[in-house]
>>> print(open('final-v2.tsv').read())   # TSV, C-alpha atoms
chain	number	residue	atom	x	y	z
A	1	MET	CA	0.00	0.00	0.00
A	2	ARG	CA	1.28	3.46	-0.88
A	3	THR	CA	2.24	6.06	1.72
A	4	VAL	CA	1.64	9.72	0.87
A	5	SER	CA	2.47	12.83	2.88
A	6	ALA	CA	-0.14	15.55	3.35
A	7	ALA	CA	1.10	18.72	1.67
A	8	ARG	CA	-1.92	21.05	1.99
A	9	TYR	CA	-5.21	21.08	3.88
A	10	VAL	CA	-7.90	21.99	1.32
A	11	THR	CA	-11.32	21.89	2.99
A	12	PRO	CA	-13.19	20.06	5.75
A	13	LEU	CA	-16.02	17.66	4.94
A	14	ARG	CA	-18.51	18.45	7.64
A	15	GLU	CA	-21.06	15.77	6.79
A	16	GLY	CA	-19.58	13.45	9.42
A	17	GLY	CA	-18.89	13.99	13.07
A	18	SER	CA	-15.18	13.17	12.76
A	19	LEU	CA	-14.38	16.07	10.38
A	20	PRO	CA	-12.65	14.24	7.53
A	21	ALA	CA	-11.02	16.63	5.07
A	22	VAL	CA	-9.94	16.96	1.48
A	23	VAL	CA	-6.17	17.33	1.45
A	24	GLU	CA	-3.51	17.51	-1.23
A	25	GLY	CA	-0.77	14.91	-1.10
A	26	ASP	CA	2.89	15.35	-1.95
A	27	ASP	CA	2.10	13.41	-5.17
A	28	ASP	CA	-0.24	16.30	-6.24
A	29	GLY	CA	-3.29	14.08	-5.79
A	30	LEU	CA	-6.40	14.96	-3.77
A	31	TYR	CA	-7.49	12.65	-0.97
A	32	VAL	CA	-10.19	12.39	1.68
A	33	LEU	CA	-8.20	12.17	4.90
A	34	LYS	CA	-9.54	10.26	7.93
A	35	PHE	CA	-7.84	11.56	11.08
A	36	ARG	CA	-6.44	9.21	13.70
A	37	GLY	CA	-7.16	11.82	16.37
A	38	ALA	CA	-10.90	11.99	15.63
A	39	GLY	CA	-13.90	10.03	16.89
A	40	GLN	CA	-12.99	6.43	17.64
A	41	GLY	CA	-9.30	7.00	16.97
A	42	PRO	CA	-7.18	4.24	15.41
A	43	LYS	CA	-10.02	1.72	15.51
A	44	ALA	CA	-11.99	3.73	12.94
A	45	LEU	CA	-8.91	3.74	10.70
A	46	ILE	CA	-8.49	-0.02	11.14
A	47	ALA	CA	-12.11	-0.54	10.10
A	48	GLU	CA	-11.69	1.79	7.12
A	49	LEU	CA	-8.55	0.00	5.99
A	50	VAL	CA	-9.52	-3.64	6.54
A	51	ALA	CA	-13.13	-3.37	5.40
A	52	GLY	CA	-12.14	-1.34	2.36
A	53	GLU	CA	-9.53	-3.85	1.24
A	54	LEU	CA	-11.87	-6.80	1.83
A	55	ALA	CA	-14.52	-5.06	-0.27
A	56	ARG	CA	-11.96	-4.74	-3.03
A	57	THR	CA	-11.22	-8.48	-2.73
A	58	LEU	CA	-14.90	-9.09	-3.43
A	59	GLY	CA	-14.71	-7.00	-6.60
A	60	LEU	CA	-16.59	-4.05	-5.10
A	61	LEU	CA	-15.42	-0.57	-6.04
A	62	VAL	CA	-13.61	1.37	-3.30
A	63	PRO	CA	-11.43	4.44	-3.92
A	64	GLU	CA	-7.73	3.72	-3.53
A	65	ILE	CA	-6.76	3.66	0.14
A	66	VAL	CA	-3.37	5.05	1.12
A	67	PHE	CA	-1.51	5.68	4.32
A	68	MET	CA	-1.05	9.40	4.83
A	69	GLU	CA	1.68	10.98	6.95
A	70	LEU	CA	0.54	14.12	8.71
A	71	ASN	CA	2.94	16.77	10.01
A	72	ALA	CA	2.01	19.19	12.79
A	73	ASP	CA	3.15	22.10	10.59
A	74	LEU	CA	-0.03	21.63	8.53
A	75	ALA	CA	-2.01	23.17	11.41
A	76	ARG	CA	-0.24	26.54	11.11
A	77	THR	CA	-2.19	27.57	8.01
A	78	GLU	CA	-5.61	26.79	9.54
A	79	ALA	CA	-7.63	29.48	11.28
A	80	ASP	CA	-10.17	27.09	12.84
A	81	PRO	CA	-8.94	25.99	16.31
A	82	GLU	CA	-10.92	22.74	16.07
A	83	ILE	CA	-9.12	21.80	12.86
A	84	GLN	CA	-5.77	22.82	14.36
A	85	ASP	CA	-6.36	20.53	17.35
A	86	LEU	CA	-7.47	17.67	15.09
A	87	ILE	CA	-4.34	17.92	12.96
A	88	ARG	CA	-2.05	18.03	15.99
A	89	ALA	CA	-3.81	15.04	17.54
A	90	SER	CA	-3.33	13.07	14.31
A	91	VAL	CA	0.38	13.66	13.64
A	92	GLY	CA	1.89	10.55	12.11
A	93	LEU	CA	0.19	7.84	10.10
A	94	ASN	CA	-3.46	8.18	9.04
A	95	VAL	CA	-5.71	6.77	6.31
A	96	ALA	CA	-6.84	8.60	3.18
A	97	LEU	CA	-8.96	7.66	0.18
A	98	ASP	CA	-8.59	8.89	-3.35
A	99	PHE	CA	-10.91	11.86	-3.91
A	100	LEU	CA	-13.43	11.20	-6.69
A	101	PRO	CA	-14.08	14.59	-8.34
A	102	SER	CA	-17.68	15.39	-9.28
A	103	ALA	CA	-18.96	12.15	-7.74
A	104	LEU	CA	-22.60	12.22	-6.66
A	105	ALA	CA	-24.12	10.70	-3.55
A	106	TYR	CA	-26.09	7.57	-4.37
A	107	ASP	CA	-29.74	8.30	-4.96
A	108	PRO	CA	-32.09	5.34	-5.63
A	109	LEU	CA	-34.32	7.66	-7.63
A	110	VAL	CA	-31.50	8.30	-10.11
A	111	GLY	CA	-30.29	4.75	-10.65
A	112	GLN	CA	-30.23	1.38	-8.94
A	113	PRO	CA	-27.69	-1.46	-9.02
A	114	ASP	CA	-28.73	-4.84	-10.35
A	115	ALA	CA	-29.82	-7.58	-7.96
A	116	MET	CA	-26.43	-9.31	-7.81
A	117	LEU	CA	-24.42	-6.15	-7.07
A	118	ALA	CA	-26.96	-5.07	-4.45
A	119	SER	CA	-26.80	-8.55	-2.91
A	120	ARG	CA	-23.00	-8.58	-2.78
A	121	ILE	CA	-22.94	-5.17	-1.10
A	122	VAL	CA	-25.58	-6.21	1.44
A	123	TRP	CA	-23.69	-9.46	2.11
A	124	PHE	CA	-20.43	-7.56	2.53
A	125	ASP	CA	-21.92	-5.03	4.94
A	126	ALA	CA	-23.45	-7.81	7.05
A	127	PHE	CA	-20.07	-9.56	7.05
A	128	VAL	CA	-18.13	-6.53	8.30
A	129	MET	CA	-21.04	-5.41	10.51
A	130	ASN	CA	-21.37	-2.04	8.83
A	131	VAL	CA	-24.21	-0.09	10.46
A	132	ASP	CA	-23.73	2.93	8.22
A	133	ARG	CA	-25.27	2.24	4.80
A	134	THR	CA	-28.83	3.38	5.37
A	135	ALA	CA	-31.21	5.60	3.42
A	136	ARG	CA	-30.22	8.47	5.70
A	137	ASN	CA	-26.52	7.99	5.03
A	138	THR	CA	-25.83	5.69	2.08
A	139	ASN	CA	-22.03	6.08	2.01
A	140	MET	CA	-22.03	5.27	-1.69
A	141	LEU	CA	-21.04	7.47	-4.61
A	142	LEU	CA	-21.93	7.40	-8.28
A	143	TRP	CA	-18.82	8.14	-10.31
A	144	HIS	CA	-18.48	7.49	-14.04
A	145	ARG	CA	-21.82	5.67	-13.84
A	146	ARG	CA	-20.48	3.11	-11.38
A	147	LEU	CA	-21.25	2.59	-7.70
A	148	TRP	CA	-18.39	3.19	-5.25
A	149	LEU	CA	-18.36	2.32	-1.55
A	150	ILE	CA	-16.91	4.78	0.97
A	151	ASP	CA	-16.73	5.37	4.73
A	152	HIS	CA	-16.29	2.03	6.49
A	153	GLY	CA	-15.13	3.46	9.81
A	154	ALA	CA	-18.27	2.23	11.57
A	155	SER	CA	-17.58	-1.38	10.57
A	156	LEU	CA	-15.97	-4.10	12.71
A	157	TYR	CA	-17.49	-2.69	15.88
A	158	PHE	CA	-16.58	-5.90	17.75
A	159	GLN	CA	-13.12	-4.37	18.17
A	160	HIS	CA	-14.44	-1.79	20.65
A	161	GLN	CA	-15.10	-4.54	23.20
A	162	TRP	CA	-13.00	-7.67	23.00
A	163	ASP	CA	-14.90	-9.67	25.64
A	164	ASP	CA	-16.29	-12.82	24.02
A	165	TYR	CA	-15.58	-11.41	20.57
A	166	MET	CA	-15.39	-14.82	18.87
A	167	ALA	CA	-18.96	-15.62	19.94
A	168	ARG	CA	-20.03	-12.38	18.28
A	169	SER	CA	-18.47	-13.53	15.00
A	170	ARG	CA	-21.61	-15.66	14.58
A	171	SER	CA	-23.99	-12.72	15.00
A	172	PRO	CA	-26.90	-12.58	12.50
A	173	PHE	CA	-26.45	-8.77	12.35
A	174	ALA	CA	-29.95	-7.45	12.87
A	175	PRO	CA	-29.12	-3.87	11.70
A	176	ILE	CA	-29.05	-5.17	8.12
A	177	LYS	CA	-32.82	-4.51	8.10
A	178	ASP	CA	-32.05	-0.81	7.55
A	179	HIS	CA	-29.65	-1.29	4.62
A	180	VAL	CA	-30.54	1.02	1.74
A	181	LEU	CA	-30.01	-1.71	-0.88
A	182	LEU	CA	-31.79	-4.53	0.96
A	183	PRO	CA	-35.01	-4.36	-1.12
A	184	LEU	CA	-32.92	-4.86	-4.28
A	185	ALA	CA	-30.86	-7.75	-2.87
A	186	MET	CA	-32.76	-10.58	-4.52
A	187	SER	CA	-29.70	-12.81	-5.07
A	188	LEU	CA	-28.37	-13.15	-1.53
A	189	GLU	CA	-27.98	-16.93	-1.61
A	190	GLU	CA	-25.90	-16.76	-4.79
A	191	ALA	CA	-23.89	-13.83	-3.44
A	192	ASP	CA	-23.17	-15.82	-0.29
A	193	LYS	CA	-21.68	-18.69	-2.29
A	194	GLU	CA	-19.51	-16.39	-4.39
A	195	CYS	CA	-18.28	-14.19	-1.54
A	196	ARG	CA	-17.38	-17.15	0.68
A	197	LEU	CA	-15.13	-18.50	-2.08
A	198	GLN	CA	-13.42	-15.14	-2.61
A	199	LEU	CA	-12.73	-14.40	1.06
A	200	SER	CA	-10.08	-17.02	1.68
A	201	GLY	CA	-7.94	-17.10	4.78
A	202	GLU	CA	-5.09	-15.68	2.73
A	203	ALA	CA	-7.17	-12.69	1.56
A	204	ILE	CA	-8.17	-11.93	5.14
A	205	ALA	CA	-4.58	-12.29	6.36
A	206	GLN	CA	-3.34	-9.90	3.68
A	207	ALA	CA	-5.87	-7.23	4.65
A	208	VAL	CA	-5.17	-7.56	8.37
A	209	ALA	CA	-1.41	-7.52	7.80
A	210	LEU	CA	-1.74	-3.93	6.56
A	211	ILE	CA	-2.68	-2.65	10.03
A	212	PRO	CA	0.28	-0.67	11.44
A	213	ASP	CA	1.56	-1.80	14.83
A	214	ALA	CA	1.06	1.72	16.17
A	215	TRP	CA	-2.72	1.38	15.76
A	216	LEU	CA	-2.91	-1.91	17.70
A	217	THR	CA	-3.05	-0.42	21.17
A	218	ASP	CA	-5.31	-2.76	23.18
A	219	ILE	CA	-2.50	-3.71	25.54
A	220	GLU	CA	-4.88	-4.65	28.37
A	221	THR	CA	-6.23	-7.51	26.24
A	222	PHE	CA	-3.33	-8.50	24.01
A	223	SER	CA	0.33	-9.01	24.80
A	224	ASP	CA	1.57	-7.45	21.56
A	225	PRO	CA	0.38	-6.18	18.15
A	226	ALA	CA	0.84	-9.60	16.57
A	227	SER	CA	-1.64	-11.14	19.03
A	228	GLN	CA	-4.20	-8.44	18.33
A	229	ARG	CA	-3.73	-8.82	14.60
A	230	GLU	CA	-4.33	-12.56	14.99
A	231	ALA	CA	-7.61	-11.80	16.78
A	232	TYR	CA	-8.81	-9.81	13.77
A	233	ARG	CA	-7.86	-12.69	11.45
A	234	ASN	CA	-9.62	-15.26	13.61
A	235	PHE	CA	-12.78	-13.18	13.92
A	236	LEU	CA	-13.07	-12.49	10.19
A	237	ALA	CA	-12.32	-16.09	9.21
A	238	ALA	CA	-14.97	-17.33	11.65
A	239	ARG	CA	-17.43	-14.76	10.32
A	240	VAL	CA	-17.01	-16.11	6.78
A	241	GLN	CA	-17.73	-19.61	8.07
A	242	ALA	CA	-20.87	-18.29	9.81
A	243	SER	CA	-22.11	-16.45	6.72
A	244	GLN	CA	-25.29	-18.49	6.47
A	245	THR	CA	-26.44	-16.97	9.75
A	246	PHE	CA	-26.20	-13.35	8.62
A	247	MET	CA	-27.26	-14.17	5.06
A	248	GLU	CA	-30.47	-15.78	6.32
A	249	GLU	CA	-31.10	-12.77	8.58
A	250	ALA	CA	-30.78	-10.49	5.55
A	251	VAL	CA	-33.22	-12.65	3.55
A	252	ARG	CA	-35.69	-12.56	6.44
A	253	ALA	CA	-35.34	-8.78	6.81
A	254	ARG	CA	-35.79	-8.23	3.08
A	255	THR	CA	-38.98	-10.32	3.09
A	256	LEU	CA	-40.39	-8.10	5.83
A	257	ARG	CA	-39.56	-4.91	3.91
A	258	VAL	CA	-40.87	-5.77	0.47
>>> encode(input="final-v2.tsv", output="structure tokens")
Amino acid sequence: MRTVSAARYVTPLREGGSLPAVVEGDDDGLYVLKFRGAGQGPKALIAELVAGELARTLGLLVPEIVFMELNADLARTEADPEIQDLIRASVGLNVALDFLPSALAYDPLVGQPDAMLASRIVWFDAFVMNVDRTARNTNMLLWHRRLWLIDHGASLYFQHQWDDYMARSRSPFAPIKDHVLLPLAMSLEEADKECRLQLSGEAIAQAVALIPDAWLTDIETFSDPASQREAYRNFLAARVQASQTFMEEAVRARTLRV
């Protein structure tokens, strides 16, 4: 994965509570920067990174994810004290996504994905326990007539409480009932078969291996970063094996909505 340094703060994106921002990288590209010092801290970045790369493994479109180095000097040009504090609290390694110029927020009245794509997205969001793809906040963009997935920081919420986390890997994920694409997901059984084959143990291990040691800070639970990284691998591998549970919950929820 590429590492880019933030060269210029362009503008905040105030739609979310964690104040992501459009920044210019030292490669002259524009990125949406997710700050380590905001909201849920490194755990939100872990979710963004791992979920985003697993989505890509499934053939779903996600803007390129990069590591972004942030220097405290970037705060000097900002007049807003809140932004200054956020930059200073996030010095070091953060996550950023390629900025998609002129992309539009997904609107079901403008266009809808076919049943298989909708089913794969619903399956994926149930797999990573993403509570944030609802009609109120779709976290999808239409760009060049294709559907792109963004903002996975609310995924993998098991990591916020490690007690009995492996038991929770078999959760049916009831919040899937609110998924914006659920009414269109008419091919969930077929999507389940395909996605299970694509999410091998190796694919999961590769995504988890990207997590920097500095973000693995649950020292009360784990003896070292390697042990915590193994917990992520074990949870996600078990969740794939339990996919029938959350797939059947999605089918049940869809039946109740249509």
>>> closest_atom_pairs(input="final-v2.tsv", of="stretch 173-233 of chain A", to="stretch 65-87 of chain A", cutoff="12 Å", atoms="only C-alpha atoms", output="CSV")
residue,atom,partner,partner_atom,distance
A:Ala207,CA,A:Ile65,CA,11.8
A:Leu210,CA,A:Phe67,CA,9.9
A:Ile211,CA,A:Phe67,CA,10.2
A:Pro212,CA,A:Phe67,CA,9.7
>>> residues_around(input="final-v2.tsv", residues="A:Ala103", least_positions_apart="4", cutoff="9 Å", atoms="all atoms listed in the file", output="number ranges by chain")
A: 99, 141-144
>>> closest_residue(input="final-v2.tsv", among="A:Val128, A:Ala118, A:Lys177, A:Met1", to="A:Glu190", atoms="all atoms listed in the file")
A:Ala118
>>> atom_distance(input="final-v2.tsv", atom1="atom CA of A:Glu202", atom2="atom CA of A:Met186")
29.1 Å
>>> atom_distance(input="final-v2.tsv", atom1="atom CA of A:Ala44", atom2="atom CA of A:Gly153")
4.4 Å
>>> closest_residue(input="final-v2.tsv", among="A:His160, A:Arg56, A:Arg252, A:Arg233", to="A:Pro172", atoms="only C-alpha atoms")
A:Arg252
>>> residues_near_point(input="final-v2.tsv", point="(-13.9, 0.1, 18.3)", cutoff="7 Å", atoms="only C-alpha atoms", output="ChimeraX atom specification")
/A:40,43-44,157-161
>>> residues_around(input="final-v2.tsv", residues="A:Ala185", least_positions_apart="5", cutoff="10 Å", atoms="all atoms listed in the file", output="PDB file with C-alpha atoms, in the coordinates of the input")
ATOM      1  CA  PRO A 113     -27.690  -1.460  -9.020  1.00  0.00           C
ATOM      2  CA  ASP A 114     -28.730  -4.840 -10.350  1.00  0.00           C
ATOM      3  CA  ALA A 115     -29.820  -7.580  -7.960  1.00  0.00           C
ATOM      4  CA  MET A 116     -26.430  -9.310  -7.810  1.00  0.00           C
ATOM      5  CA  LEU A 117     -24.420  -6.150  -7.070  1.00  0.00           C
ATOM      6  CA  ALA A 118     -26.960  -5.070  -4.450  1.00  0.00           C
ATOM      7  CA  SER A 119     -26.800  -8.550  -2.910  1.00  0.00           C
ATOM      8  CA  ARG A 120     -23.000  -8.580  -2.780  1.00  0.00           C
ATOM      9  CA  ILE A 121     -22.940  -5.170  -1.100  1.00  0.00           C
ATOM     10  CA  VAL A 122     -25.580  -6.210   1.440  1.00  0.00           C
ATOM     11  CA  TRP A 123     -23.690  -9.460   2.110  1.00  0.00           C
ATOM     12  CA  HIS A 179     -29.650  -1.290   4.620  1.00  0.00           C
ATOM     13  CA  VAL A 180     -30.540   1.020   1.740  1.00  0.00           C
ATOM     14  CA  ALA A 191     -23.890 -13.830  -3.440  1.00  0.00           C
ATOM     15  CA  ALA A 250     -30.780 -10.490   5.550  1.00  0.00           C
ATOM     16  CA  VAL A 251     -33.220 -12.650   3.550  1.00  0.00           C
ATOM     17  CA  ARG A 254     -35.790  -8.230   3.080  1.00  0.00           C
TER      18      ARG A 254
END
>>> residues_around(input="final-v2.tsv", residues="A:Gln241", least_positions_apart="6", cutoff="12 Å", atoms="all atoms listed in the file", output="JSON, numbers by chain")
{"A": [127, 169, 170, 171, 192, 193, 195, 196, 197, 199, 200, 201, 234, 235, 247]}
>>> residues_near_point(input="final-v2.tsv", point="(1.5, 14.4, 1.4)", cutoff="8 Å", atoms="all atoms listed in the file", output="list in words")
Val4, Ser5, Ala6, Ala7, Arg8, Glu24, Gly25, Asp26, Asp27, Met68, Glu69 and Leu70 of chain A
>>> atom_distance(input="final-v2.tsv", atom1="atom CA of A:Thr245", atom2="atom CA of A:Asp178")
17.2 Å
>>> axis_aligned_box(input="final-v2.tsv", around="stretch 41-46 of chain A", padding_each_side="6 Å", output="JSON")
{"center_x": -9.6, "center_y": 3.5, "center_z": 13.8, "size_x": 16.8, "size_y": 19.0, "size_z": 18.3}
>>> residues_around(input="final-v2.tsv", residues="A:Ala38", least_positions_apart="4", cutoff="9 Å", atoms="all atoms listed in the file", output="PyMOL selection string")
chain A and resi 17-20+34+42+44+86+89-90
>>> residues_around(input="final-v2.tsv", residues="A:Ala253", least_positions_apart="4", cutoff="9 Å", atoms="all atoms listed in the file", output="number ranges by chain")
A: 174, 176-178, 182, 248-249, 257-258
>>> closest_residue(input="final-v2.tsv", among="A:Ala154, A:Ala209, A:Ala55, A:Ala96", to="A:Val131", atoms="all atoms listed in the file")
A:Ala154
>>> closest_residue(input="final-v2.tsv", among="A:Pro108, A:Gln244, A:Glu189, A:Leu61", to="A:Thr138", atoms="all atoms listed in the file")
A:Pro108
